[in-house]
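Pasted below: structure31.txt, compact mmCIF, C-alpha atoms.
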# COMPACT_ATOMS: atom_id res chain seq x y z
CA MET T 93 -44.01 -30.88 8.57
CA GLU T 94 -42.35 -27.86 6.95
CA GLY T 95 -41.15 -28.22 3.40
CA PHE T 96 -41.93 -27.33 -0.16
CA GLY T 97 -44.98 -29.58 -0.53
CA PRO T 98 -47.18 -28.29 2.31
CA SER T 99 -46.44 -24.61 1.66
CA PHE T 100 -47.05 -25.07 -2.08
CA ALA T 101 -50.31 -26.87 -1.30
CA PHE T 102 -51.28 -24.06 1.08
CA TRP T 103 -50.84 -21.36 -1.56
CA VAL T 104 -52.66 -23.36 -4.22
CA LEU T 105 -55.54 -24.00 -1.80
CA ALA T 106 -55.58 -20.35 -0.71
CA ALA T 107 -55.79 -19.21 -4.33
CA LEU T 108 -58.52 -21.76 -5.10
CA THR T 109 -60.59 -20.83 -2.03
CA LEU T 110 -60.29 -17.08 -2.56
CA VAL T 111 -61.04 -17.23 -6.30
CA ALA T 112 -64.07 -19.46 -5.64
CA ALA T 113 -65.30 -17.17 -2.85
CA GLY T 114 -64.95 -14.23 -5.23
CA GLY T 115 -66.90 -16.19 -7.80
CA VAL T 116 -69.76 -16.60 -5.33
CA MET T 117 -70.05 -12.82 -5.09
CA VAL T 118 -69.47 -11.97 -8.73
CA SER T 119 -71.51 -14.62 -10.55
CA ARG T 120 -74.90 -13.41 -11.79
CA ASN T 121 -76.54 -16.81 -11.92
CA LEU T 122 -77.44 -18.05 -8.44
CA LEU T 123 -76.79 -21.67 -9.38
CA HIS T 124 -73.29 -20.78 -10.52
CA ALA T 125 -72.82 -19.04 -7.17
CA VAL T 126 -73.76 -22.28 -5.39
CA LEU T 127 -71.24 -24.22 -7.49
CA PHE T 128 -68.52 -21.70 -6.56
CA LEU T 129 -69.56 -22.08 -2.91
CA ILE T 130 -69.01 -25.86 -3.19
CA LEU T 131 -65.51 -25.17 -4.58
CA THR T 132 -64.85 -22.89 -1.60
CA PHE T 133 -65.90 -25.66 0.80
CA ILE T 134 -63.54 -28.09 -0.93
CA GLY T 135 -60.70 -25.60 -0.52
CA VAL T 136 -61.45 -25.29 3.20
CA ALA T 137 -61.42 -29.11 3.45
CA GLY T 138 -57.93 -29.02 1.94
CA PHE T 139 -56.85 -26.60 4.67
CA PHE T 140 -58.09 -29.07 7.30
CA VAL T 141 -55.93 -31.77 5.67
CA LEU T 142 -52.92 -29.44 5.87
CA LEU T 143 -53.68 -28.95 9.57
CA SER T 144 -53.56 -32.76 10.08
CA ALA T 145 -57.26 -32.84 10.94
CA ASP T 146 -58.31 -35.72 8.71
CA PHE T 147 -61.68 -36.41 10.34
CA ILE T 148 -62.71 -32.75 10.14
CA ALA T 149 -61.63 -32.64 6.50
CA MET T 150 -63.80 -35.69 5.80
CA ALA T 151 -66.71 -34.18 7.73
CA GLN T 152 -66.25 -30.91 5.83
CA VAL T 153 -66.52 -32.72 2.51
CA ILE T 154 -69.55 -34.80 3.54
CA ILE T 155 -71.49 -32.18 5.53
CA TYR T 156 -70.67 -28.99 3.66
CA VAL T 157 -69.94 -30.17 0.13
CA GLY T 158 -72.68 -32.79 0.37
CA ALA T 159 -75.45 -31.71 2.67
CA ILE T 160 -75.21 -27.92 3.00
CA ALA T 161 -74.66 -27.49 -0.73
CA VAL T 162 -77.77 -29.59 -1.44
CA LEU T 163 -79.78 -27.53 1.06
CA VAL T 164 -78.64 -24.25 -0.52
CA LEU T 165 -79.37 -25.63 -3.98
CA PHE T 166 -82.89 -26.65 -2.93
CA ALA T 167 -83.43 -23.29 -1.26
CA VAL T 168 -82.55 -21.57 -4.54
CA LEU T 169 -84.79 -23.88 -6.56
CA LEU T 170 -87.72 -23.48 -4.13
CA THR T 171 -87.59 -19.69 -4.05
CA PRO T 172 -90.22 -18.38 -6.46
CA ARG T 173 -88.36 -15.46 -7.98
CA SER T 174 -84.75 -16.62 -7.72
CA GLY T 175 -84.80 -17.14 -11.49
CA ARG T 176 -84.13 -13.44 -11.83
CA ASP T 177 -80.44 -12.80 -11.79
CA ASN T 178 -78.30 -11.58 -8.94
CA GLY T 179 -79.25 -7.98 -9.70
CA GLU T 180 -77.63 -4.66 -8.91
CA THR T 181 -77.90 -3.71 -5.29
CA ARG T 182 -77.60 -0.49 -3.36
CA TRP T 183 -75.79 -2.34 -0.60
CA ALA T 184 -72.58 -2.98 -2.56
CA LEU T 185 -70.68 -0.02 -1.08
CA PRO T 186 -71.62 -0.66 2.60
CA GLY T 187 -70.84 -4.34 2.03
CA ILE T 188 -67.36 -3.55 0.71
CA LEU T 189 -66.75 -1.17 3.63
CA LEU T 190 -67.81 -3.83 6.13
CA ALA T 191 -65.61 -6.44 4.44
CA VAL T 192 -62.59 -4.12 4.56
CA CYS T 193 -63.19 -3.41 8.27
CA LEU T 194 -63.53 -7.14 9.02
CA ALA T 195 -60.38 -7.94 7.04
CA ALA T 196 -58.50 -5.25 8.97
CA ILE T 197 -59.61 -6.71 12.30
CA PHE T 198 -58.69 -10.24 11.22
CA LEU T 199 -55.27 -9.15 9.96
CA PHE T 200 -54.63 -7.28 13.21
CA VAL T 201 -55.62 -10.29 15.34
CA VAL T 202 -53.66 -12.80 13.23
CA HIS T 203 -50.59 -10.59 13.32
CA ASP T 204 -50.89 -9.82 17.02
CA THR T 205 -51.46 -13.37 18.31
CA ALA T 206 -48.50 -15.42 19.51
CA TRP T 207 -49.21 -18.67 17.66
CA ASN T 208 -47.97 -21.77 19.47
CA THR T 209 -47.02 -24.42 16.92
CA VAL T 210 -46.11 -28.07 17.30
CA ASP T 211 -44.15 -30.14 14.81
CA GLU T 212 -46.28 -33.26 14.91
CA ALA T 213 -50.02 -33.67 15.03
CA PRO T 214 -51.04 -34.24 18.67
CA ALA T 215 -51.96 -37.84 19.40
CA GLY T 216 -55.58 -38.78 19.97
CA LEU T 217 -57.11 -36.35 17.50
CA ASP T 218 -57.23 -38.46 14.36
CA ALA T 219 -60.26 -40.36 13.10
CA ARG T 220 -59.07 -43.67 14.61
CA ALA T 221 -58.84 -42.27 18.14
CA LEU T 222 -62.13 -40.46 17.64
CA GLY T 223 -63.87 -43.64 16.54
CA THR T 224 -62.56 -45.55 19.54
CA ALA T 225 -63.70 -42.82 21.94
CA LEU T 226 -67.09 -42.53 20.25
CA LEU T 227 -67.81 -46.26 20.40
CA THR T 228 -66.48 -47.07 23.86
CA THR T 229 -66.62 -44.10 26.25
CA TRP T 230 -69.34 -42.07 24.55
CA VAL T 231 -71.49 -44.85 23.18
CA VAL T 232 -74.73 -43.68 24.85
CA PRO T 233 -74.57 -40.15 23.38
CA PHE T 234 -73.67 -41.82 20.09
CA GLU T 235 -76.86 -43.89 20.12
CA ILE T 236 -78.89 -40.90 21.30
CA ALA T 237 -77.57 -39.03 18.25
CA SER T 238 -79.34 -41.55 16.03
CA VAL T 239 -82.59 -41.01 17.97
CA LEU T 240 -82.12 -37.25 17.50
CA LEU T 241 -81.60 -37.67 13.76
CA THR T 242 -84.72 -39.84 13.50
CA ALA T 243 -86.71 -37.26 15.46
CA ALA T 244 -85.46 -34.55 13.08
CA LEU T 245 -86.62 -36.60 10.11
CA VAL T 246 -90.07 -37.25 11.60
CA GLY T 247 -90.38 -33.57 12.56
CA ALA T 248 -89.46 -32.41 9.06
CA ILE T 249 -92.09 -34.72 7.57
CA MET T 250 -94.73 -33.51 10.05
CA LEU T 251 -93.97 -29.86 9.23
CA THR T 252 -93.82 -30.05 5.45
CA ARG T 253 -96.63 -32.50 4.68
CA SER T 254 -99.78 -30.41 4.61
CA PRO T 255 -103.20 -31.91 5.52
CA GLU T 256 -104.38 -31.26 1.95
CA GLU T 257 -101.59 -33.40 0.61
CA GLU T 258 -102.45 -36.14 3.07
CA ALA T 259 -106.08 -36.08 1.89
CA GLU T 260 -104.89 -36.07 -1.70
CA ASP T 261 -102.73 -39.11 -1.07
CA ALA T 262 -105.56 -40.91 0.70
CA LEU T 263 -107.69 -40.66 -2.45
CA VAL T 264 -105.07 -42.20 -4.71
CA MET B 285 -45.11 -43.04 6.24
CA SER B 286 -45.83 -39.45 7.09
CA PHE B 287 -49.19 -37.76 7.11
CA TYR B 288 -48.72 -36.09 3.74
CA ASP B 289 -47.64 -39.31 2.07
CA GLN B 290 -51.08 -40.76 2.82
CA TRP B 291 -52.76 -37.83 1.11
CA SER B 292 -50.61 -37.87 -2.01
CA ALA B 293 -52.93 -40.53 -3.46
CA ILE B 294 -55.87 -38.15 -3.08
CA LEU B 295 -53.82 -35.38 -4.67
CA ILE B 296 -52.96 -37.59 -7.64
CA ALA B 297 -56.62 -38.64 -7.96
CA ALA B 298 -57.72 -34.99 -7.85
CA ILE B 299 -55.22 -33.98 -10.54
CA ALA B 300 -56.13 -36.97 -12.72
CA GLY B 301 -59.86 -36.19 -12.33
CA PHE B 302 -59.28 -32.56 -13.23
CA ILE B 303 -57.27 -33.50 -16.32
CA LEU B 304 -59.91 -36.02 -17.45
CA VAL B 305 -62.82 -33.56 -17.17
CA PHE B 306 -60.84 -30.65 -18.56
CA THR B 307 -59.58 -32.53 -21.62
CA ALA B 308 -63.10 -33.83 -22.29
CA LEU B 309 -64.50 -30.28 -22.22
CA ILE B 310 -61.67 -28.87 -24.34
CA ALA B 311 -61.81 -31.76 -26.83
CA THR B 312 -65.55 -31.31 -27.45
CA ARG B 313 -64.99 -27.59 -27.89
CA ILE B 314 -62.32 -28.27 -30.52
CA LEU B 315 -63.61 -31.39 -32.28
CA ALA B 316 -67.43 -31.18 -32.22
CA PRO B 317 -69.28 -29.00 -34.72
CA PHE B 318 -71.42 -26.30 -33.13
CA ALA B 319 -74.44 -24.54 -34.57
CA ARG B 320 -75.12 -21.44 -32.54
CA GLU B 321 -78.61 -20.37 -33.53
CA ARG B 322 -81.40 -18.97 -31.41
CA ALA B 323 -83.69 -21.85 -32.37
CA LYS B 324 -81.26 -24.32 -30.78
CA GLY B 325 -81.97 -22.86 -27.37
CA ILE B 326 -85.73 -23.46 -27.23
CA SER B 327 -87.31 -26.46 -25.55
CA TYR B 328 -88.99 -28.07 -28.56
CA GLU B 329 -87.53 -28.20 -32.01
CA CYS B 330 -90.94 -28.33 -33.68
CA GLY B 331 -93.80 -26.87 -31.71
CA MET B 332 -95.10 -23.79 -30.02
CA LEU B 333 -92.67 -21.20 -28.75
CA PRO B 334 -92.45 -21.29 -24.96
CA ILE B 335 -93.80 -18.36 -22.95
CA GLY B 336 -91.96 -16.71 -20.07
CA ARG B 337 -88.64 -17.47 -18.45
CA ASN B 338 -87.04 -20.87 -18.19
CA TRP B 339 -87.46 -20.92 -14.41
CA ALA B 340 -90.08 -23.11 -12.80
CA GLN B 341 -90.47 -23.21 -9.04
CA VAL B 342 -89.80 -26.67 -7.68
CA HIS B 343 -92.50 -28.20 -5.50
CA VAL B 344 -91.76 -28.13 -1.80
CA ARG B 345 -92.16 -31.90 -1.51
CA TYR B 346 -88.74 -32.37 -3.11
CA TYR B 347 -87.28 -30.53 -0.14
CA LEU B 348 -88.18 -33.54 2.00
CA ILE B 349 -86.05 -35.78 -0.20
CA ALA B 350 -83.19 -33.35 0.42
CA ILE B 351 -83.79 -33.63 4.17
CA VAL B 352 -83.82 -37.43 4.05
CA PHE B 353 -80.54 -37.28 2.14
CA LEU B 354 -79.15 -34.86 4.74
CA LEU B 355 -79.88 -37.19 7.65
CA PHE B 356 -78.26 -40.19 6.04
CA ASP B 357 -75.35 -37.94 5.07
CA VAL B 358 -74.83 -37.11 8.75
CA GLU B 359 -75.09 -40.82 9.52
CA THR B 360 -72.19 -41.42 7.10
CA VAL B 361 -70.03 -39.06 9.13
CA PHE B 362 -70.57 -41.34 12.15
CA ILE B 363 -69.85 -44.47 10.12
CA PHE B 364 -66.39 -43.33 8.98
CA PRO B 365 -64.62 -43.37 12.39
CA TRP B 366 -66.40 -46.65 13.18
CA ALA B 367 -65.29 -48.25 9.91
CA ILE B 368 -61.59 -47.75 10.60
CA THR B 369 -61.71 -48.86 14.24
CA TYR B 370 -64.30 -51.59 14.75
CA LEU B 371 -61.98 -54.45 13.79
CA SER B 372 -59.61 -53.60 16.63
CA LEU B 373 -62.41 -53.25 19.21
CA ALA B 374 -64.76 -55.70 20.90
CA GLU B 375 -67.46 -57.43 18.89
CA PHE B 376 -70.38 -55.55 20.47
CA ILE B 377 -69.02 -52.34 18.91
CA PHE B 378 -70.10 -53.77 15.56
CA TRP B 379 -73.66 -54.32 16.84
CA GLN B 380 -73.76 -50.80 18.26
CA MET B 381 -73.40 -49.41 14.76
CA ILE B 382 -76.07 -51.84 13.54
CA LEU B 383 -78.35 -50.47 16.27
CA PHE B 384 -77.49 -46.91 15.21
CA ILE B 385 -78.42 -47.66 11.61
CA ALA B 386 -81.55 -49.55 12.71
CA ILE B 387 -82.86 -46.56 14.69
CA LEU B 388 -82.26 -44.31 11.68
CA SER B 389 -83.96 -46.83 9.41
CA LEU B 390 -87.10 -46.40 11.52
CA GLY B 391 -87.16 -42.80 10.33
CA LEU B 392 -86.78 -43.98 6.74
CA VAL B 393 -89.64 -46.46 7.21
CA TYR B 394 -91.80 -43.64 8.60
CA ALA B 395 -90.95 -41.43 5.62
CA TRP B 396 -91.77 -44.29 3.26
CA LYS B 397 -95.14 -44.92 4.97
CA ARG B 398 -96.04 -41.24 4.77
CA GLY B 399 -95.38 -41.28 1.03
CA VAL B 400 -92.47 -38.87 1.08
CA LEU B 401 -90.58 -40.96 -1.47
CA GLU B 402 -93.52 -41.16 -3.88
CA TRP B 403 -92.84 -39.63 -7.24
CA LYS B 404 -95.84 -37.71 -8.55

Kindly return the structure encoded in the file as structure tokens.
Amino acid sequence: MEGFGPSFAFWVLAALTLVAAGGVMVSRNLLHAVLFLILTFIGVAGFFVLLSADFIAMAQVIIYVGAIAVLVLFAVLLTPRSGRDNGETRWALPGILLAVCLAAIFLFVVHDTAWNTVDEAPAGLDARALGTALLTTWVVPFEIASVLLTAALVGAIMLTRSPEEEAEDALV
Amino acid sequence: MSFYDQWSAILIAAIAGFILVFTALIATRILAPFARERAKGISYECGMLPIGRNWAQVHVRYYLIAIVFLLFDVETVFIFPWAITYLSLAEFIFWQMILFIAILSLGLVYAWKRGVLEWK
């Protein structure tokens, strides 16, 4: 799997992800920050493709780029005073210090670990094998997952619909 | 066909999409006439000047629509591995996914009955 293409793609994706992550921090408008966050998620999905994890890449795009981004967007829109810009903060210096410490630890661990690599993607980890396992061996948990999702939907409706709104709707 | 060969189509699509959007943005910047006046930025061309900032808090009921979207988004994640395998598996695998979608549709029916999808 080594060659010019994958390493070139890695560096392009790394640049894209890091620039977008920087944009999340730097941008003054919160909505622009969310858009940069979506770009970061797409870059991470590209990394999953490079790691031969096609199902996780797909899930990353659908869950993070789709669902999590929508949730963050709604959270920004629902917050009363988020229209004010991403103002100056006293916590910039401690934040930078913490980030530098974290980066140092990560670099140390990455450098210190003996990474075992394989040439080919291990069999049984792609989306096809996952689908077969999900629908034959693990079919009961799979169906229970749909019950769980339905319960989450009903619970969200119960929590967010206030009694006043119900009464309001009953009048209409 | 190696793993990366499969993804080259997505790469080409991504580059083509980027070029399309980018050229459209650049072309409007070059070709279209722009009038940059303060009056262009207000909501109504003829009318009262708006008061306050351009930020209105969105009603919390729209959050429920986001949650409904989220659940069916997660459902899609389950459908993908099924869609590429069900032809090679037994026939009841197909009906298992139908059951999965049917159970989730119950939630949608409940949301519909409670008026979550009403636009007011």

ask   = What's the 12 Å shell around His124 (chain T), counting all atoms listed in the file, without same-chain residues fewer than 2 positions away, as a PyMOL selection string?
value = chain T and resi 112-122+126-131+161+164-165+168+177-178

ask   = What separation in Å, quoted to one decimal, exists between CA of Ile377 (chain B) and CA of Ala221 (chain T)?
value = 14.3 Å

ask   = Please, which residues of chain B lie no more than 9 Å from chain T when the count uses all atoms listed in the file, and can they be set out as a VMD selection string?
value = chain B and resid 286 to 288 291 337 to 348 350 to 370 373 377 380 to 381 383 to 392 394 to 395 398 to 400

request  = Can you work out the spacing between CA of Thr109 (chain T) and CA of Ala137 (chain T) in Å, to one decimal?
outcome  =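 Here the two named atoms are 10.0 Å from each other.
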
query = CA of Ala125 (chain T) to CA of Val192 (chain T): how many Å, to one decimal?
reply = 21.6 Å

Each side padded by 6 Å, which centre and which edge lengths in Å (one decimal) define the axis-aligned box around the listed atoms of region 294-300 of chain B? Give them as AutoDock Vina command-line options.
--center_x -55.3 --center_y -36.3 --center_z -7.9 --size_x 16.8 --size_y 16.7 --size_z 21.6
